[in-house]
>>> print(open('model_24.txt').read())   # compact mmCIF, C-alpha atoms
# COMPACT_ATOMS: atom_id res chain seq x y z
CA MET W 1 247.20 86.78 97.00
CA ALA W 2 246.31 86.54 100.68
CA ILE W 3 247.65 89.06 103.17
CA PRO W 4 249.47 87.40 106.08
CA ILE W 5 247.62 87.61 109.38
CA LYS W 6 250.65 89.34 110.93
CA ASN W 7 250.16 92.29 108.58
CA THR W 8 246.45 92.41 109.36
CA VAL W 9 247.10 92.44 113.11
CA PHE W 10 249.71 95.19 112.73
CA ASP W 11 247.34 97.27 110.57
CA LYS W 12 244.60 97.01 113.22
CA ILE W 13 247.02 98.13 115.92
CA LYS W 14 248.29 100.97 113.74
CA GLU W 15 244.73 102.18 113.03
CA ALA W 16 243.91 102.32 116.73
CA GLY W 17 247.29 103.67 117.86
CA SER W 18 247.00 101.84 121.16
CA LEU W 19 244.50 99.31 122.42
CA THR W 20 244.14 96.41 124.82
CA ASP W 21 244.51 92.78 123.84
CA SER W 22 240.78 92.15 124.31
CA GLU W 23 239.92 95.10 122.04
CA LEU W 24 242.30 93.76 119.39
CA PHE W 25 240.71 90.32 119.65
CA LYS W 26 237.24 91.90 119.18
CA PHE W 27 238.37 93.89 116.14
CA LEU W 28 239.89 90.80 114.54
CA SER W 29 236.81 88.68 115.28
CA LYS W 30 234.58 91.38 113.81
CA ASP W 31 236.59 91.26 110.57
CA GLY W 32 236.34 87.47 110.39
CA PHE W 33 239.77 86.54 111.72
CA VAL W 34 239.27 83.99 114.49
CA LEU W 35 242.56 83.32 116.27
CA ALA W 36 243.37 81.15 119.21
CA GLU W 37 244.86 83.03 122.16
CA ASP W 38 248.24 81.33 121.79
CA LYS W 39 248.38 82.23 118.08
CA LEU W 40 247.59 85.88 118.89
CA ASN W 41 250.27 85.88 121.61
CA LYS W 42 252.81 84.49 119.11
CA LEU W 43 251.91 87.19 116.57
CA LEU W 44 252.23 89.93 119.19
CA LEU W 45 255.59 88.54 120.30
CA ASP W 46 256.84 88.44 116.70
CA LEU W 47 255.74 92.03 116.10
CA GLU W 48 257.39 93.14 119.34
CA ILE W 49 260.65 91.38 118.45
CA MET W 50 260.61 93.11 115.05
CA GLY W 51 260.33 96.43 116.92
CA LEU W 52 256.97 97.41 115.46
CA ILE W 53 254.89 97.35 118.66
CA THR W 54 255.27 97.40 122.43
CA VAL W 55 253.21 95.26 124.76
CA THR W 56 252.90 96.26 128.42
CA TRP W 57 250.85 94.81 131.23
CA ILE W 58 248.20 97.12 132.65
CA THR W 59 246.71 94.66 135.10
CA LYS W 60 247.18 90.97 135.73
CA ASP W 61 244.97 90.01 132.77
CA VAL W 62 245.05 93.08 130.50
CA ARG W 63 247.85 94.11 128.13
CA ARG W 64 248.23 97.42 126.32
CA ILE W 65 249.49 97.20 122.74
CA GLU W 66 250.97 100.29 121.09
CA VAL W 67 252.71 101.07 117.83
CA VAL W 68 256.35 102.08 118.24
CA THR W 69 257.04 105.59 117.00
CA ILE W 70 260.62 106.46 116.23
CA GLN W 71 261.54 110.07 116.77
CA GLU W 72 264.75 111.04 115.06
CA GLN W 73 266.87 113.30 117.21
CA VAL W 74 268.69 116.09 115.44
CA ASP W 75 272.30 116.48 116.47
CA GLU W 76 273.09 120.20 116.31
CA VAL W 77 276.85 119.70 115.94
CA GLU W 78 276.31 117.22 113.10
CA GLU W 79 273.97 119.71 111.34
CA GLN W 80 276.56 122.48 111.66
CA ASN W 81 279.30 120.23 110.29
CA LYS W 82 277.08 119.29 107.37
CA GLU W 83 276.37 122.96 106.55
CA ILE W 84 280.07 123.85 106.71
CA MET W 85 280.98 120.94 104.43
CA GLU W 86 278.32 122.01 101.91
CA LYS W 87 279.59 125.60 101.93
CA ASP W 88 283.21 124.44 101.51
CA TYR W 89 282.18 122.19 98.62
CA GLU W 90 280.29 124.99 96.87
CA ALA W 91 283.17 127.43 97.45
CA SER W 92 285.63 125.00 95.85
CA PHE W 93 284.19 125.70 92.37
CA PRO W 94 285.88 128.55 90.50
CA GLY W 95 283.73 131.61 89.90
CA PHE W 96 281.28 130.73 92.69
CA GLU W 97 279.91 133.74 94.54
CA LYS W 98 277.14 133.75 97.06
>>> encode(input="model_24.txt", output="C-alpha cells")
Amino acid sequence: MAIPIKNTVFDKIKEAGSLTDSELFKFLSKDGFVLAEDKLNKLLLDLEIMGLITVTWITKDVRRIEVVTIQEQVDEVEEQNKEIMEKDYEASFPGFEK
C-alpha cells in the first residue's frame, strides 16, 4: 500500500520542525518525490487548512513552514473543581476514611 504524498510531506516537515519551502523541495527530491511547484503549494495549503502546519512568508520568495504545536492550557479553577468533585464522590461511600 502506497503512502499518500501528503503524509510524506508532513513527515518531512515534522522531522525538521521548521524549514523553508526550498529546503522541503530539496528533501523531497532527494527521496525521489518530484513535485511540481503548484502541486507542492496545494499540499501545503491542504496541510495548513487541516491545522497541521503554518506557512509564513519570510521574504518575497521564501516561505517558512512549521509544524503546529498545541499547548494545552490548564485552568486552575477547573482543576480545583475536579478535585473537589472527586473528593465528594469518594466521601459518598459508606465507611470511607482518608
>>> closest_residue(input="model_24.txt", among="W:Glu15, W:Asp21, W:Asp75, W:Glu83", to="Leu44 (chain W)", atoms="all atoms listed in the file")
W:Asp21
>>> atom_distance(input="model_24.txt", atom1="CA of Glu37 (chain W)", atom2="CA of Asn7 (chain W)")
17.3 Å
>>> residues_around(input="model_24.txt", residues="Phe33 (chain W)", least_positions_apart="4", cutoff="12 Å", atoms="all atoms listed in the file", output="ChimeraX atom specification")
/W:3-6,8-9,12,24-29,39-40
>>> closest_residue(input="model_24.txt", among="W:Thr69, W:Gly32, W:Asp38, W:Gly17", to="Leu52 (chain W)", atoms="only C-alpha atoms")
W:Thr69
>>> residues_around(input="model_24.txt", residues="Met50 (chain W)", least_positions_apart="4", cutoff="12 Å", atoms="all atoms listed in the file", output="PyMOL selection string")
chain W and resi 6+10+43-46+54+67-68
>>> atom_distance(input="model_24.txt", atom1="CA of Glu66 (chain W)", atom2="CA of Leu19 (chain W)")
6.7 Å
>>> atom_distance(input="model_24.txt", atom1="CA of Thr59 (chain W)", atom2="CA of Gln71 (chain W)")
28.2 Å
>>> axis_aligned_box(input="model_24.txt", around="region 88-92 of chain W", padding_each_side="4 Å", output="AutoDock Vina command-line options")
--center_x 283.0 --center_y 124.8 --center_z 98.7 --size_x 13.3 --size_y 13.2 --size_z 13.7
>>> closest_residue(input="model_24.txt", among="W:Asp61, W:Tyr89, W:Thr56, W:Lys42", to="Ser22 (chain W)", atoms="only C-alpha atoms")
W:Asp61
>>> closest_residue(input="model_24.txt", among="W:Ser18, W:Ile70, W:Lys87, W:Lys82", to="Val55 (chain W)", atoms="only C-alpha atoms")
W:Ser18
>>> closest_residue(input="model_24.txt", among="W:Ser92, W:Lys14, W:Thr20, W:Glu86", to="Ile58 (chain W)", atoms="only C-alpha atoms")
W:Thr20
>>> decode(input="model_24.txt", residues="chain W", atoms="C-alpha atoms", output="short mmCIF file (atom, residue, chain, number, x, y, z; two decimals), in the first residue's frame")
data_model
loop_
_atom_site.label_atom_id
_atom_site.label_comp_id
_atom_site.auth_asym_id
_atom_site.auth_seq_id
_atom_site.Cartn_x
_atom_site.Cartn_y
_atom_site.Cartn_z
CA MET W 1 0.00 0.00 0.00
CA ALA W 2 1.42 3.37 -1.02
CA ILE W 3 1.67 6.21 1.47
CA PRO W 4 -0.05 9.38 0.22
CA ILE W 5 2.34 12.18 -0.69
CA LYS W 6 0.57 14.46 1.81
CA ASN W 7 1.70 12.20 4.65
CA THR W 8 5.24 12.11 3.31
CA VAL W 9 5.39 15.91 3.09
CA PHE W 10 4.03 16.27 6.62
CA ASP W 11 6.55 13.72 7.95
CA LYS W 12 9.43 15.65 6.36
CA ILE W 13 8.20 18.89 7.93
CA LYS W 14 7.73 17.19 11.30
CA GLU W 15 11.27 15.75 11.20
CA ALA W 16 12.78 19.16 10.55
CA GLY W 17 10.47 21.10 12.88
CA SER W 18 10.66 24.15 10.66
CA LEU W 19 12.19 24.69 7.25
CA THR W 20 11.86 26.80 4.13
CA ASP W 21 9.94 25.77 1.05
CA SER W 22 13.15 25.34 -0.95
CA GLU W 23 14.63 23.07 1.75
CA LEU W 24 11.45 20.98 1.72
CA PHE W 25 11.61 20.71 -2.06
CA LYS W 26 15.25 19.53 -1.82
CA PHE W 27 14.42 16.92 0.83
CA LEU W 28 11.54 15.57 -1.26
CA SER W 29 13.65 15.49 -4.43
CA LYS W 30 16.41 13.68 -2.56
CA ASP W 31 13.92 10.98 -1.52
CA GLY W 32 12.66 10.57 -5.08
CA PHE W 33 9.46 12.60 -4.85
CA VAL W 34 9.47 15.06 -7.74
CA LEU W 35 6.59 17.51 -7.40
CA ALA W 36 5.59 20.46 -9.48
CA GLU W 37 5.54 23.76 -7.59
CA ASP W 38 1.76 24.09 -7.87
CA LYS W 39 1.26 20.56 -6.50
CA LEU W 40 3.54 21.34 -3.53
CA ASN W 41 1.65 24.59 -2.91
CA LYS W 42 -1.66 22.68 -2.93
CA LEU W 43 -0.30 20.13 -0.45
CA LEU W 44 0.97 22.88 1.85
CA LEU W 45 -2.38 24.66 1.66
CA ASP W 46 -4.24 21.45 2.49
CA LEU W 47 -1.98 20.77 5.48
CA GLU W 48 -2.41 24.35 6.68
CA ILE W 49 -6.20 24.15 6.37
CA MET W 50 -6.16 20.92 8.39
CA GLY W 51 -4.27 22.83 11.10
CA LEU W 52 -1.14 20.68 10.97
CA ILE W 53 1.33 23.32 9.73
CA THR W 54 1.74 27.07 9.43
CA VAL W 55 3.23 28.77 6.40
CA THR W 56 4.60 32.30 6.73
CA TRP W 57 6.43 34.50 4.28
CA ILE W 58 9.99 35.38 5.25
CA THR W 59 10.86 37.31 2.11
CA LYS W 60 9.14 37.85 -1.20
CA ASP W 61 10.18 34.43 -2.50
CA VAL W 62 10.86 32.38 0.66
CA ARG W 63 8.27 30.76 2.93
CA ARG W 64 8.85 29.25 6.36
CA ILE W 65 6.93 26.05 7.08
CA GLU W 66 6.47 24.92 10.69
CA VAL W 67 4.57 22.19 12.47
CA VAL W 68 1.76 23.47 14.68
CA THR W 69 2.25 22.58 18.33
CA ILE W 70 -0.79 22.69 20.54
CA GLN W 71 -0.13 23.60 24.13
CA GLU W 72 -2.98 22.72 26.42
CA GLN W 73 -3.61 25.40 29.00
CA VAL W 74 -4.51 24.22 32.47
CA ASP W 75 -7.42 26.07 34.01
CA GLU W 76 -6.74 26.26 37.75
CA VAL W 77 -10.39 26.74 38.71
CA GLU W 78 -11.40 23.75 36.60
CA GLU W 79 -8.68 21.62 38.27
CA GLN W 80 -9.89 22.65 41.73
CA ASN W 81 -13.49 21.83 40.84
CA LYS W 82 -12.42 18.44 39.54
CA GLU W 83 -10.52 17.66 42.76
CA ILE W 84 -13.49 18.70 44.92
CA MET W 85 -15.86 16.56 42.87
CA GLU W 86 -13.55 13.55 43.21
CA LYS W 87 -13.30 14.02 46.98
CA ASP W 88 -17.10 14.39 47.29
CA TYR W 89 -17.59 11.24 45.22
CA GLU W 90 -15.14 9.24 47.34
CA ALA W 91 -16.69 10.58 50.56
CA SER W 92 -20.15 9.47 49.43
CA PHE W 93 -19.26 5.79 50.00
CA PRO W 94 -20.05 4.49 53.49
CA GLY W 95 -17.05 3.56 55.60
CA PHE W 96 -14.63 5.67 53.54
CA GLU W 97 -11.89 7.29 55.56
CA LYS W 98 -8.90 9.11 54.23
#
